[in-house]
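Next comes model_14.txt, with compact mmCIF, C-alpha atoms (C1' of nucleotides).
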```txt
# COMPACT_ATOMS: atom_id res chain seq x y z
CA MET N 1 -20.27 -150.93 -144.46
CA LYS N 2 -17.20 -152.15 -142.67
CA LEU N 3 -14.55 -154.72 -143.40
CA SER N 4 -13.76 -156.75 -140.31
CA LYS N 5 -10.28 -157.27 -138.96
CA LYS N 6 -10.79 -160.93 -139.71
CA SER N 7 -11.15 -160.24 -143.41
CA GLU N 8 -8.35 -157.71 -143.41
CA TYR N 9 -6.01 -160.16 -141.69
CA GLY N 10 -7.18 -162.95 -143.96
CA LEU N 11 -6.42 -160.93 -147.06
CA ARG N 12 -3.04 -159.87 -145.76
CA ALA N 13 -2.19 -163.46 -144.86
CA LEU N 14 -3.10 -164.53 -148.37
CA ILE N 15 -0.71 -161.97 -149.81
CA GLU N 16 2.10 -163.77 -148.00
CA LEU N 17 0.93 -167.16 -149.19
CA ALA N 18 0.65 -165.84 -152.72
CA SER N 19 4.20 -164.54 -152.56
CA THR N 20 5.62 -168.01 -151.89
CA HIS N 21 3.06 -169.89 -153.94
CA GLY N 22 4.61 -172.87 -155.71
CA LYS N 23 7.88 -172.35 -153.87
CA ALA N 24 7.34 -172.99 -150.18
CA THR N 25 4.84 -173.30 -147.37
CA LEU N 26 4.59 -170.71 -144.64
CA GLN N 27 4.03 -171.24 -140.95
CA ARG N 28 1.51 -169.17 -139.09
CA GLN N 29 4.17 -167.50 -136.99
CA GLU N 30 5.98 -166.32 -140.11
CA ILE N 31 2.79 -164.93 -141.56
CA ALA N 32 1.84 -163.36 -138.24
CA ALA N 33 5.24 -161.72 -137.85
CA ARG N 34 5.37 -160.35 -141.39
CA GLN N 35 1.87 -158.96 -141.33
CA HIS N 36 1.55 -158.06 -137.63
CA ILE N 37 -1.40 -160.33 -136.98
CA PRO N 38 -2.16 -161.85 -133.55
CA ILE N 39 -1.08 -165.42 -134.04
CA GLU N 40 -3.95 -167.26 -132.37
CA PHE N 41 -6.46 -165.18 -134.24
CA LEU N 42 -4.65 -165.82 -137.51
CA GLU N 43 -4.89 -169.52 -136.87
CA GLN N 44 -8.68 -169.36 -136.78
CA ILE N 45 -8.69 -167.42 -140.00
CA LEU N 46 -6.39 -169.83 -141.80
CA LEU N 47 -8.56 -172.67 -140.58
CA MET N 48 -11.65 -171.08 -142.10
CA LEU N 49 -9.82 -170.59 -145.36
CA LYS N 50 -8.70 -174.18 -145.24
CA ARG N 51 -12.21 -175.49 -144.63
CA ALA N 52 -13.38 -173.38 -147.53
CA GLY N 53 -10.84 -175.04 -149.79
CA LEU N 54 -8.54 -172.10 -150.43
CA VAL N 55 -5.47 -173.23 -148.52
CA SER N 56 -3.90 -176.51 -147.50
CA SER N 57 -1.98 -177.24 -144.35
CA ARG N 58 0.51 -179.71 -142.96
CA ARG N 59 1.02 -180.40 -139.29
CA GLY N 60 4.15 -181.21 -137.39
CA ILE N 61 7.65 -179.93 -137.78
CA LYS N 62 8.12 -178.56 -141.31
CA GLY N 63 4.40 -177.96 -141.39
CA GLY N 64 2.66 -174.82 -142.58
CA TYR N 65 0.12 -173.43 -145.00
CA ALA N 66 0.00 -173.02 -148.75
CA LEU N 67 -2.47 -171.89 -151.37
CA ILE N 68 -4.32 -174.64 -153.15
CA LYS N 69 -5.39 -172.57 -156.13
CA GLN N 70 -3.53 -170.12 -158.31
CA PRO N 71 -3.57 -166.53 -157.00
CA LYS N 72 -5.32 -165.46 -160.20
CA ASP N 73 -8.11 -167.91 -159.46
CA ILE N 74 -8.92 -166.59 -156.00
CA THR N 75 -10.95 -163.41 -155.76
CA LEU N 76 -11.26 -160.98 -152.91
CA GLY N 77 -15.00 -161.51 -153.06
CA GLN N 78 -14.60 -165.21 -152.29
CA VAL N 79 -12.31 -164.52 -149.37
CA ILE N 80 -14.48 -161.85 -147.80
CA ARG N 81 -17.61 -163.97 -148.17
CA ILE N 82 -15.86 -166.81 -146.37
CA LEU N 83 -14.66 -164.66 -143.53
CA ASP N 84 -17.31 -161.96 -143.22
CA GLY N 85 -20.38 -163.37 -144.92
CA PRO N 86 -22.34 -161.90 -147.82
CA LEU N 87 -21.20 -158.72 -149.54
CA ALA N 88 -24.72 -157.32 -149.82
CA PRO N 89 -25.64 -154.46 -147.46
CA ILE N 90 -28.96 -156.15 -146.70
CA SER N 91 -29.82 -159.80 -147.11
CA CYS N 92 -32.81 -159.24 -149.38
CA VAL N 93 -30.45 -158.15 -152.17
CA SER N 94 -27.81 -160.84 -151.65
CA LYS N 95 -27.30 -163.24 -154.53
CA THR N 96 -25.23 -165.75 -152.58
CA ALA N 97 -27.26 -165.63 -149.33
CA TYR N 98 -30.68 -164.25 -150.19
CA GLN N 99 -33.23 -163.95 -147.44
CA LYS N 100 -36.68 -162.46 -147.75
CA CYS N 101 -37.25 -159.46 -145.51
CA ASN N 102 -40.25 -159.95 -143.30
CA ASP N 103 -40.83 -156.75 -141.41
CA CYS N 104 -40.44 -154.50 -144.44
CA PRO N 105 -43.73 -152.90 -145.56
CA TYR N 106 -42.60 -153.31 -149.18
CA ALA N 107 -42.02 -157.04 -148.85
CA ASN N 108 -43.37 -158.83 -151.91
CA LYS N 109 -44.29 -155.50 -153.46
CA PRO N 110 -43.01 -154.92 -156.99
CA ARG N 111 -40.49 -152.34 -155.90
CA CYS N 112 -38.93 -151.55 -152.57
CA PRO N 113 -36.81 -148.38 -152.66
CA VAL N 114 -34.30 -149.76 -150.19
CA GLN N 115 -33.95 -152.88 -152.26
CA GLN N 116 -33.42 -150.90 -155.47
CA ALA N 117 -30.75 -148.71 -153.97
CA MET N 118 -28.93 -151.42 -152.06
CA GLY N 119 -29.16 -153.77 -155.01
CA THR N 120 -27.19 -151.25 -157.02
CA VAL N 121 -24.63 -150.98 -154.28
CA ARG N 122 -24.32 -154.73 -153.94
CA ASP N 123 -23.77 -155.11 -157.67
CA ALA N 124 -21.05 -152.49 -157.59
CA ILE N 125 -19.24 -154.07 -154.67
CA ALA N 126 -19.49 -157.58 -156.05
CA GLY N 127 -18.54 -156.32 -159.50
CA ILE N 128 -15.27 -155.10 -158.09
CA LEU N 129 -14.42 -157.76 -155.54
CA ASP N 130 -15.44 -160.74 -157.65
CA HIS N 131 -13.10 -159.60 -160.41
CA TYR N 132 -10.24 -158.61 -158.14
CA SER N 133 -7.94 -161.61 -157.95
CA LEU N 134 -5.37 -162.33 -155.32
CA ALA N 135 -2.75 -161.86 -158.04
CA ASP N 136 -4.03 -158.35 -158.77
CA PHE N 137 -4.25 -157.73 -155.07
CA ALA N 138 -0.77 -158.86 -154.14
CA SER N 139 0.70 -156.81 -156.97
CA GLY N 140 -0.50 -153.68 -155.20
CA HIS N 141 -1.85 -152.03 -158.33
CA ARG N 142 -5.20 -150.41 -158.26
CA LYS N 143 -7.72 -152.21 -160.36
CA GLY N 144 -11.28 -151.37 -161.49
CA MET F 1 -20.56 -154.59 -145.38
CA LYS F 2 -23.91 -154.19 -143.69
CA LEU F 3 -26.50 -151.48 -143.52
CA SER F 4 -27.78 -151.07 -139.99
CA LYS F 5 -31.45 -151.09 -139.05
CA LYS F 6 -30.95 -147.53 -137.97
CA SER F 7 -30.05 -146.46 -141.49
CA GLU F 8 -32.73 -148.60 -143.05
CA TYR F 9 -35.38 -147.15 -140.76
CA GLY F 10 -34.01 -143.67 -141.30
CA LEU F 11 -34.23 -144.01 -145.05
CA ARG F 12 -37.73 -145.42 -144.90
CA ALA F 13 -38.83 -142.62 -142.59
CA LEU F 14 -37.45 -140.09 -145.05
CA ILE F 15 -39.49 -141.63 -147.83
CA GLU F 16 -42.60 -140.78 -145.85
CA LEU F 17 -41.41 -137.26 -145.16
CA ALA F 18 -40.56 -136.80 -148.83
CA SER F 19 -44.03 -137.94 -149.81
CA THR F 20 -45.67 -135.13 -147.86
CA HIS F 21 -42.93 -132.57 -148.40
CA GLY F 22 -44.32 -129.08 -148.83
CA LYS F 23 -47.79 -130.27 -147.94
CA ALA F 24 -47.82 -131.41 -144.34
CA THR F 25 -45.79 -132.52 -141.37
CA LEU F 26 -45.82 -136.08 -140.12
CA GLN F 27 -45.86 -137.28 -136.56
CA ARG F 28 -43.55 -140.02 -135.47
CA GLN F 29 -46.40 -142.40 -134.79
CA GLU F 30 -47.69 -141.98 -138.33
CA ILE F 31 -44.26 -142.67 -139.74
CA ALA F 32 -43.76 -145.60 -137.40
CA ALA F 33 -47.09 -147.12 -138.30
CA ARG F 34 -46.69 -146.75 -142.07
CA GLN F 35 -43.16 -148.12 -142.12
CA HIS F 36 -43.36 -150.61 -139.25
CA ILE F 37 -40.63 -149.00 -137.20
CA PRO F 38 -40.44 -149.25 -133.38
CA ILE F 39 -41.56 -145.80 -132.35
CA GLU F 40 -39.03 -145.05 -129.62
CA PHE F 41 -36.19 -146.13 -131.85
CA LEU F 42 -37.54 -144.03 -134.70
CA GLU F 43 -37.55 -141.04 -132.40
CA GLN F 44 -33.81 -141.35 -131.84
CA ILE F 45 -33.25 -141.58 -135.54
CA LEU F 46 -35.36 -138.53 -136.35
CA LEU F 47 -33.49 -136.64 -133.67
CA MET F 48 -30.16 -137.46 -135.28
CA LEU F 49 -31.48 -136.33 -138.63
CA LYS F 50 -32.73 -133.16 -137.02
CA ARG F 51 -29.39 -132.40 -135.39
CA ALA F 52 -27.75 -132.98 -138.74
CA GLY F 53 -30.00 -130.38 -140.31
CA LEU F 54 -32.07 -132.63 -142.55
CA VAL F 55 -35.43 -132.39 -140.83
CA SER F 56 -37.28 -129.89 -138.67
CA SER F 57 -39.69 -130.60 -135.86
CA ARG F 58 -42.48 -128.94 -133.97
CA ARG F 59 -43.71 -129.92 -130.55
CA GLY F 60 -47.19 -129.95 -129.10
CA ILE F 61 -50.46 -130.91 -130.69
CA LYS F 62 -50.22 -130.42 -134.46
CA GLY F 63 -46.53 -131.08 -134.08
CA GLY F 64 -44.45 -133.43 -136.18
CA TYR F 65 -41.49 -133.63 -138.51
CA ALA F 66 -40.79 -132.28 -141.96
CA LEU F 67 -37.92 -132.18 -144.41
CA ILE F 68 -35.94 -128.96 -144.41
CA LYS F 69 -34.34 -129.46 -147.82
CA GLN F 70 -35.76 -130.58 -151.12
CA PRO F 71 -35.80 -134.35 -151.61
CA LYS F 72 -33.57 -133.93 -154.65
CA ASP F 73 -31.00 -132.18 -152.47
CA ILE F 74 -30.67 -134.96 -149.93
CA THR F 75 -28.58 -137.96 -150.89
CA LEU F 76 -28.61 -141.44 -149.45
CA GLY F 77 -24.90 -141.02 -148.80
CA GLN F 78 -25.54 -138.09 -146.49
CA VAL F 79 -28.20 -139.96 -144.57
CA ILE F 80 -26.18 -143.12 -144.13
CA ARG F 81 -23.12 -141.19 -143.03
CA ILE F 82 -25.20 -139.44 -140.38
CA LEU F 83 -26.72 -142.62 -139.05
CA ASP F 84 -24.06 -145.25 -139.66
CA GLY F 85 -20.85 -143.31 -140.05
CA PRO F 86 -18.43 -143.36 -142.98
CA LEU F 87 -19.19 -145.36 -146.12
CA ALA F 88 -15.61 -146.59 -146.51
CA PRO F 89 -14.94 -150.24 -145.62
CA ILE F 90 -11.83 -149.20 -143.70
CA SER F 91 -11.05 -145.80 -142.26
CA CYS F 92 -7.74 -145.37 -144.08
CA VAL F 93 -9.65 -144.96 -147.37
CA SER F 94 -12.41 -142.74 -146.04
CA LYS F 95 -12.60 -139.26 -147.54
CA THR F 96 -15.01 -137.86 -144.96
CA ALA F 97 -13.47 -139.54 -141.89
CA TYR F 98 -9.91 -140.48 -142.79
CA GLN F 99 -7.76 -142.10 -140.15
CA LYS F 100 -4.28 -143.40 -140.61
CA CYS F 101 -3.92 -147.09 -139.95
CA ASN F 102 -1.27 -147.78 -137.37
CA ASP F 103 -0.85 -151.52 -137.07
CA CYS F 104 -0.72 -152.12 -140.81
CA PRO F 105 2.73 -153.13 -142.06
CA TYR F 106 2.11 -151.09 -145.20
CA ALA F 107 1.37 -147.90 -143.30
CA ASN F 108 3.13 -144.97 -144.96
CA LYS F 109 4.36 -147.23 -147.73
CA PRO F 110 3.60 -146.09 -151.27
CA ARG F 111 1.02 -148.76 -151.82
CA CYS F 112 -0.97 -150.94 -149.50
CA PRO F 113 -2.94 -153.62 -151.34
CA VAL F 114 -5.85 -153.44 -148.91
CA GLN F 115 -5.99 -149.71 -149.35
CA GLN F 116 -5.97 -149.99 -153.14
CA ALA F 117 -8.76 -152.53 -153.21
CA MET F 118 -10.92 -150.94 -150.57
CA GLY F 119 -10.35 -147.50 -152.05
CA THR F 120 -11.92 -148.74 -155.25
CA VAL F 121 -14.85 -150.16 -153.33
CA ARG F 122 -15.34 -146.97 -151.37
CA ASP F 123 -15.36 -144.90 -154.53
CA ALA F 124 -17.96 -147.18 -156.06
CA ILE F 125 -20.23 -147.05 -153.03
CA ALA F 126 -19.90 -143.30 -152.60
CA GLY F 127 -20.31 -142.80 -156.33
CA ILE F 128 -23.70 -144.43 -156.11
CA LEU F 129 -24.99 -143.21 -152.78
CA ASP F 130 -23.79 -139.62 -153.12
CA HIS F 131 -25.66 -139.29 -156.39
CA TYR F 132 -28.79 -141.10 -155.28
CA SER F 133 -31.19 -138.44 -154.07
CA LEU F 134 -34.14 -138.92 -151.80
CA ALA F 135 -36.30 -137.97 -154.78
CA ASP F 136 -34.82 -140.81 -156.85
CA PHE F 137 -35.12 -143.06 -153.87
CA ALA F 138 -38.75 -142.35 -153.04
CA SER F 139 -39.71 -142.84 -156.69
CA GLY F 140 -38.68 -146.46 -156.38
CA HIS F 141 -36.82 -146.56 -159.67
CA ARG F 142 -33.45 -148.19 -159.87
CA LYS F 143 -30.68 -145.74 -160.51
CA GLY F 144 -26.99 -146.05 -161.24
C1' DC E 1 -54.99 -125.14 -116.95
C1' DA E 2 -54.94 -129.92 -119.35
C1' DC E 3 -53.39 -132.35 -123.11
C1' DT E 4 -50.53 -133.67 -126.79
C1' DT E 5 -46.35 -134.06 -128.89
C1' DG E 6 -41.31 -133.82 -129.30
C1' DT E 7 -36.51 -133.92 -126.23
C1' DT E 8 -33.21 -135.97 -123.55
C1' DG E 9 -30.64 -139.19 -120.99
C1' DA E 10 -30.21 -143.49 -118.96
C1' DC E 11 -30.61 -148.18 -119.23
C1' DA E 12 -30.24 -152.93 -121.05
C1' DA E 13 -30.59 -157.36 -123.50
C1' DA E 14 -28.71 -159.61 -127.42
C1' DC E 15 -25.32 -159.95 -130.59
C1' DT E 16 -20.78 -159.29 -132.75
C1' DT E 17 -15.89 -158.57 -132.78
C1' DA E 18 -11.44 -159.61 -131.75
C1' DC E 19 -9.17 -161.96 -129.50
C1' DT E 20 -6.98 -165.84 -125.79
C1' DC E 21 -6.31 -170.47 -123.78
C1' DG E 22 -6.06 -175.30 -123.09
C1' DT E 23 -5.91 -179.51 -125.01
C1' DA E 24 -5.77 -182.54 -128.55
C1' DT E 25 -3.65 -184.55 -132.85
C1' DT E 26 -0.35 -185.09 -136.52
C1' DT E 27 4.37 -185.12 -138.41
C1' DA E 28 9.43 -185.44 -138.44
C1' DA E 29 13.70 -186.01 -136.39
C1' DT E 30 16.52 -188.31 -132.91
C1' DA Q 1 9.64 -194.96 -129.11
C1' DT Q 2 10.24 -190.56 -127.54
C1' DT Q 3 10.13 -185.93 -128.09
C1' DA Q 4 9.73 -181.53 -130.18
C1' DA Q 5 7.23 -178.76 -133.29
C1' DA Q 6 3.54 -177.63 -135.69
C1' DT Q 7 -1.61 -177.47 -136.81
C1' DA Q 8 -6.81 -178.49 -135.10
C1' DC Q 9 -10.50 -177.53 -132.37
C1' DG Q 10 -13.60 -176.07 -128.83
C1' DA Q 11 -14.43 -173.00 -125.31
C1' DG Q 12 -14.29 -168.81 -123.13
C1' DT Q 13 -14.24 -163.78 -122.69
C1' DA Q 14 -13.81 -158.61 -122.43
C1' DA Q 15 -15.29 -154.88 -124.91
C1' DG Q 16 -18.03 -152.74 -128.10
C1' DT Q 17 -22.14 -152.28 -131.11
C1' DT Q 18 -26.88 -152.87 -132.24
C1' DT Q 19 -31.50 -152.44 -131.33
C1' DG Q 20 -34.18 -151.25 -128.82
C1' DT Q 21 -37.16 -149.52 -124.02
C1' DC Q 22 -38.38 -146.29 -120.28
C1' DA Q 23 -39.16 -142.34 -117.53
C1' DA Q 24 -38.93 -137.65 -116.76
C1' DC Q 25 -38.97 -133.21 -118.93
C1' DA Q 26 -40.02 -129.19 -122.19
C1' DA Q 27 -42.88 -126.87 -125.27
C1' DG Q 28 -46.87 -125.78 -128.03
C1' DT Q 29 -52.32 -125.66 -128.41
C1' DG Q 30 -56.89 -124.86 -126.95
```
When written as structure tokens, how does the structure in this file appear?
Amino acid sequence: MKLSKKSEYGLRALIELASTHGKATLQRQEIAARQHIPIEFLEQILLMLKRAGLVSSRRGIKGGYALIKQPKDITLGQVIRILDGPLAPISCVSKTAYQKCNDCPYANKPRCPVQQAMGTVRDAIAGILDHYSLADFASGHRKG
Amino acid sequence: MKLSKKSEYGLRALIELASTHGKATLQRQEIAARQHIPIEFLEQILLMLKRAGLVSSRRGIKGGYALIKQPKDITLGQVIRILDGPLAPISCVSKTAYQKCNDCPYANKPRCPVQQAMGTVRDAIAGILDHYSLADFASGHRKG
DNA sequence: CACTTGTTGACAAACTTACTCGTATTTAAT
DNA sequence: ATTAAATACGAGTAAGTTTGTCAACAAGTG
């Protein structure tokens, strides 16, 4: 049930990008300095976010990163799924990356207790994170 | 955000123990066979649950394991905390295993966005798992 | 006693996490 | 065109976690 450093750094980096959204681009060293993130590691993270279509980048002098979408149109759920994979505690209850469990004695049975319980948990987590936008997030106000 | 095999096996083992609670004890090989759990690994898990005061054991022929408490008095939250550690996605929002974050630039600031968001998630997860009893669980009905 | 079962500690392979490094490649300024 | 500054990308890696296995020991039963 843990959030990786990768996701934590990714979210914190996006706060910075949200704060200058529409005004300027930010270089990785600026982001790294402001949020205390190891710079080479941050680079990987920004690259993943870029490949996923959340941020854009420019190389060369005057280069840097910027958000492509509006902060209100990016959710924490999206970000964490990109960086950490599915939100579901076990893959047989994931809606974005479902996988049948094979070794489970309840597989294909009408109800598996683990599936019922973890399905509820998944729905709760996704219910929060998929409705928590980067705008809400950067504002620092508790939501949900 | 993942449930370990240890917790999954632990929960499944407890379903078996709940099913014979008050009637009989179960040996690890019976539990392992019914739930398809590697027996030596299961042993470790049962031992952890024993040390935590959830199950009792008897050695020798006619030995085995049994629940100490009523299934309705054991929650999934308790079990998962024993086997996997805290439910919170990050330790600075854990109520049972709080740890101050040191490298975070928002440490000691009035509000840290990550803390706000993950606090909400933690409360949701704990809200479900701390009110989901082994009795609910073994019944196989969705709750919450 | 012999036999069965749980107890304990050590070990280990496979995987994941959290980075680091070297080398491109692109862009802008001189 | 050259150079400096920035991102892009692949590889590597040390440490930790997960998911087990194994062997020796302790205790209860007949």
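Selecting chain Q residues within 12 Å of chain F and counting all atoms listed in the file yields DT17, DT18, DT19, DG20, DT21, DC22, DA26, DA27, DG28, DT29 and DG30 of chain Q.
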- line: In Å and to one decimal, CA of Asp73 in chain N is distant from CA of Ser139 in chain N by 14.4 Å
Residue nearest Val114 in chain F - candidates F:Ala97, F:Met1, F:Cys92, F:Leu134, atoms counted: all atoms listed in the file: F:Cys92
List the residues sitting within 12 Å of (-17.9, -162.2, -130.4) in the file's frame, using only C-alpha atoms (C1' of nucleotides), as an mmCIF file with C-alpha atoms (C1' of nucleotides), in the coordinates of the input.
```
data_model
loop_
_atom_site.group_PDB
_atom_site.id
_atom_site.type_symbol
_atom_site.label_atom_id
_atom_site.label_comp_id
_atom_site.auth_asym_id
_atom_site.auth_seq_id
_atom_site.Cartn_x
_atom_site.Cartn_y
_atom_site.Cartn_z
ATOM 1 C CA LYS N 6 -10.790 -160.930 -139.710
ATOM 2 C "C1'" DA E 14 -28.710 -159.610 -127.420
ATOM 3 C "C1'" DC E 15 -25.320 -159.950 -130.590
ATOM 4 C "C1'" DT E 16 -20.780 -159.290 -132.750
ATOM 5 C "C1'" DT E 17 -15.890 -158.570 -132.780
ATOM 6 C "C1'" DA E 18 -11.440 -159.610 -131.750
ATOM 7 C "C1'" DC E 19 -9.170 -161.960 -129.500
ATOM 8 C "C1'" DG Q 12 -14.290 -168.810 -123.130
ATOM 9 C "C1'" DT Q 13 -14.240 -163.780 -122.690
ATOM 10 C "C1'" DA Q 14 -13.810 -158.610 -122.430
ATOM 11 C "C1'" DA Q 15 -15.290 -154.880 -124.910
ATOM 12 C "C1'" DG Q 16 -18.030 -152.740 -128.100
ATOM 13 C "C1'" DT Q 17 -22.140 -152.280 -131.110
#
```
task: Starting from chain F, keep only residues with some atom at most 8 Å from an atom of chain N, counting all atoms listed in the file, and report them as a PyMOL selection string.
output: chain F and resi 1-3+8+11-12+34-36+86-90+103-105+111-114+116-117+120-121+124-125+128-129+132+137-144
Given the block above, output range 53-73 of chain F with N, CA, C and O atoms as a compact mmCIF listing (two decimals), in the first residue's frame.
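The result, written out as decode.txt:
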```txt
# COMPACT_ATOMS: atom_id res chain seq x y z
N GLY F 53 -1.00 -12.31 18.37
CA GLY F 53 -2.12 -12.61 19.25
C GLY F 53 -3.44 -12.90 18.56
O GLY F 53 -4.49 -12.86 19.17
N LEU F 54 -3.38 -13.21 17.28
CA LEU F 54 -4.62 -13.51 16.56
C LEU F 54 -4.96 -14.99 16.55
O LEU F 54 -6.13 -15.37 16.58
N VAL F 55 -3.94 -15.83 16.49
CA VAL F 55 -4.20 -17.26 16.46
C VAL F 55 -3.39 -17.97 17.55
O VAL F 55 -2.39 -17.45 18.04
N SER F 56 -3.87 -19.16 17.92
CA SER F 56 -3.15 -20.00 18.86
C SER F 56 -2.69 -21.25 18.12
O SER F 56 -3.19 -21.55 17.04
N SER F 57 -1.75 -21.96 18.72
CA SER F 57 -1.26 -23.17 18.05
C SER F 57 -1.00 -24.26 19.07
O SER F 57 -0.76 -23.98 20.24
N ARG F 58 -1.05 -25.47 18.63
CA ARG F 58 -0.67 -26.61 19.46
C ARG F 58 0.24 -27.51 18.65
O ARG F 58 0.00 -27.74 17.47
N ARG F 59 1.27 -28.01 19.32
CA ARG F 59 2.21 -28.87 18.61
C ARG F 59 1.79 -30.33 18.74
O ARG F 59 0.83 -30.67 19.41
N GLY F 60 2.59 -31.17 18.11
CA GLY F 60 2.38 -32.61 18.21
C GLY F 60 1.21 -33.09 17.37
O GLY F 60 0.49 -32.30 16.74
N ILE F 61 1.03 -34.41 17.39
CA ILE F 61 -0.09 -34.99 16.67
C ILE F 61 -1.36 -34.38 17.26
O ILE F 61 -1.40 -34.01 18.41
N LYS F 62 -2.35 -34.18 16.47
CA LYS F 62 -3.58 -33.47 16.86
C LYS F 62 -3.33 -31.98 17.08
O LYS F 62 -4.12 -31.31 17.72
N GLY F 63 -2.19 -31.53 16.62
CA GLY F 63 -1.89 -30.11 16.77
C GLY F 63 -2.58 -29.31 15.68
O GLY F 63 -3.43 -29.83 14.95
N GLY F 64 -2.22 -28.04 15.59
CA GLY F 64 -2.82 -27.19 14.57
C GLY F 64 -3.03 -25.78 15.06
O GLY F 64 -2.56 -25.41 16.14
N TYR F 65 -3.72 -25.00 14.27
CA TYR F 65 -3.95 -23.59 14.58
C TYR F 65 -5.44 -23.31 14.75
O TYR F 65 -6.29 -23.99 14.17
N ALA F 66 -5.72 -22.30 15.54
CA ALA F 66 -7.10 -21.85 15.72
C ALA F 66 -7.12 -20.35 15.98
O ALA F 66 -6.13 -19.78 16.44
N LEU F 67 -8.24 -19.74 15.70
CA LEU F 67 -8.41 -18.33 16.02
C LEU F 67 -8.54 -18.17 17.52
O LEU F 67 -9.16 -18.99 18.18
N ILE F 68 -7.97 -17.11 18.06
CA ILE F 68 -8.15 -16.82 19.47
C ILE F 68 -9.40 -15.96 19.67
O ILE F 68 -10.18 -16.16 20.57
N LYS F 69 -9.58 -14.99 18.78
CA LYS F 69 -10.71 -14.07 18.91
C LYS F 69 -11.85 -14.47 17.99
O LYS F 69 -11.68 -15.30 17.10
N GLN F 70 -12.98 -13.87 18.20
CA GLN F 70 -14.13 -14.10 17.33
C GLN F 70 -13.86 -13.48 15.96
O GLN F 70 -13.31 -12.38 15.89
N PRO F 71 -14.30 -14.14 14.90
CA PRO F 71 -14.11 -13.58 13.56
C PRO F 71 -14.65 -12.16 13.43
O PRO F 71 -14.07 -11.35 12.72
N LYS F 72 -15.70 -11.83 14.13
CA LYS F 72 -16.24 -10.47 14.03
C LYS F 72 -15.35 -9.45 14.75
O LYS F 72 -15.52 -8.24 14.57
N ASP F 73 -14.43 -9.94 15.57
CA ASP F 73 -13.55 -9.03 16.30
C ASP F 73 -12.15 -8.91 15.70
O ASP F 73 -11.25 -8.33 16.29
```
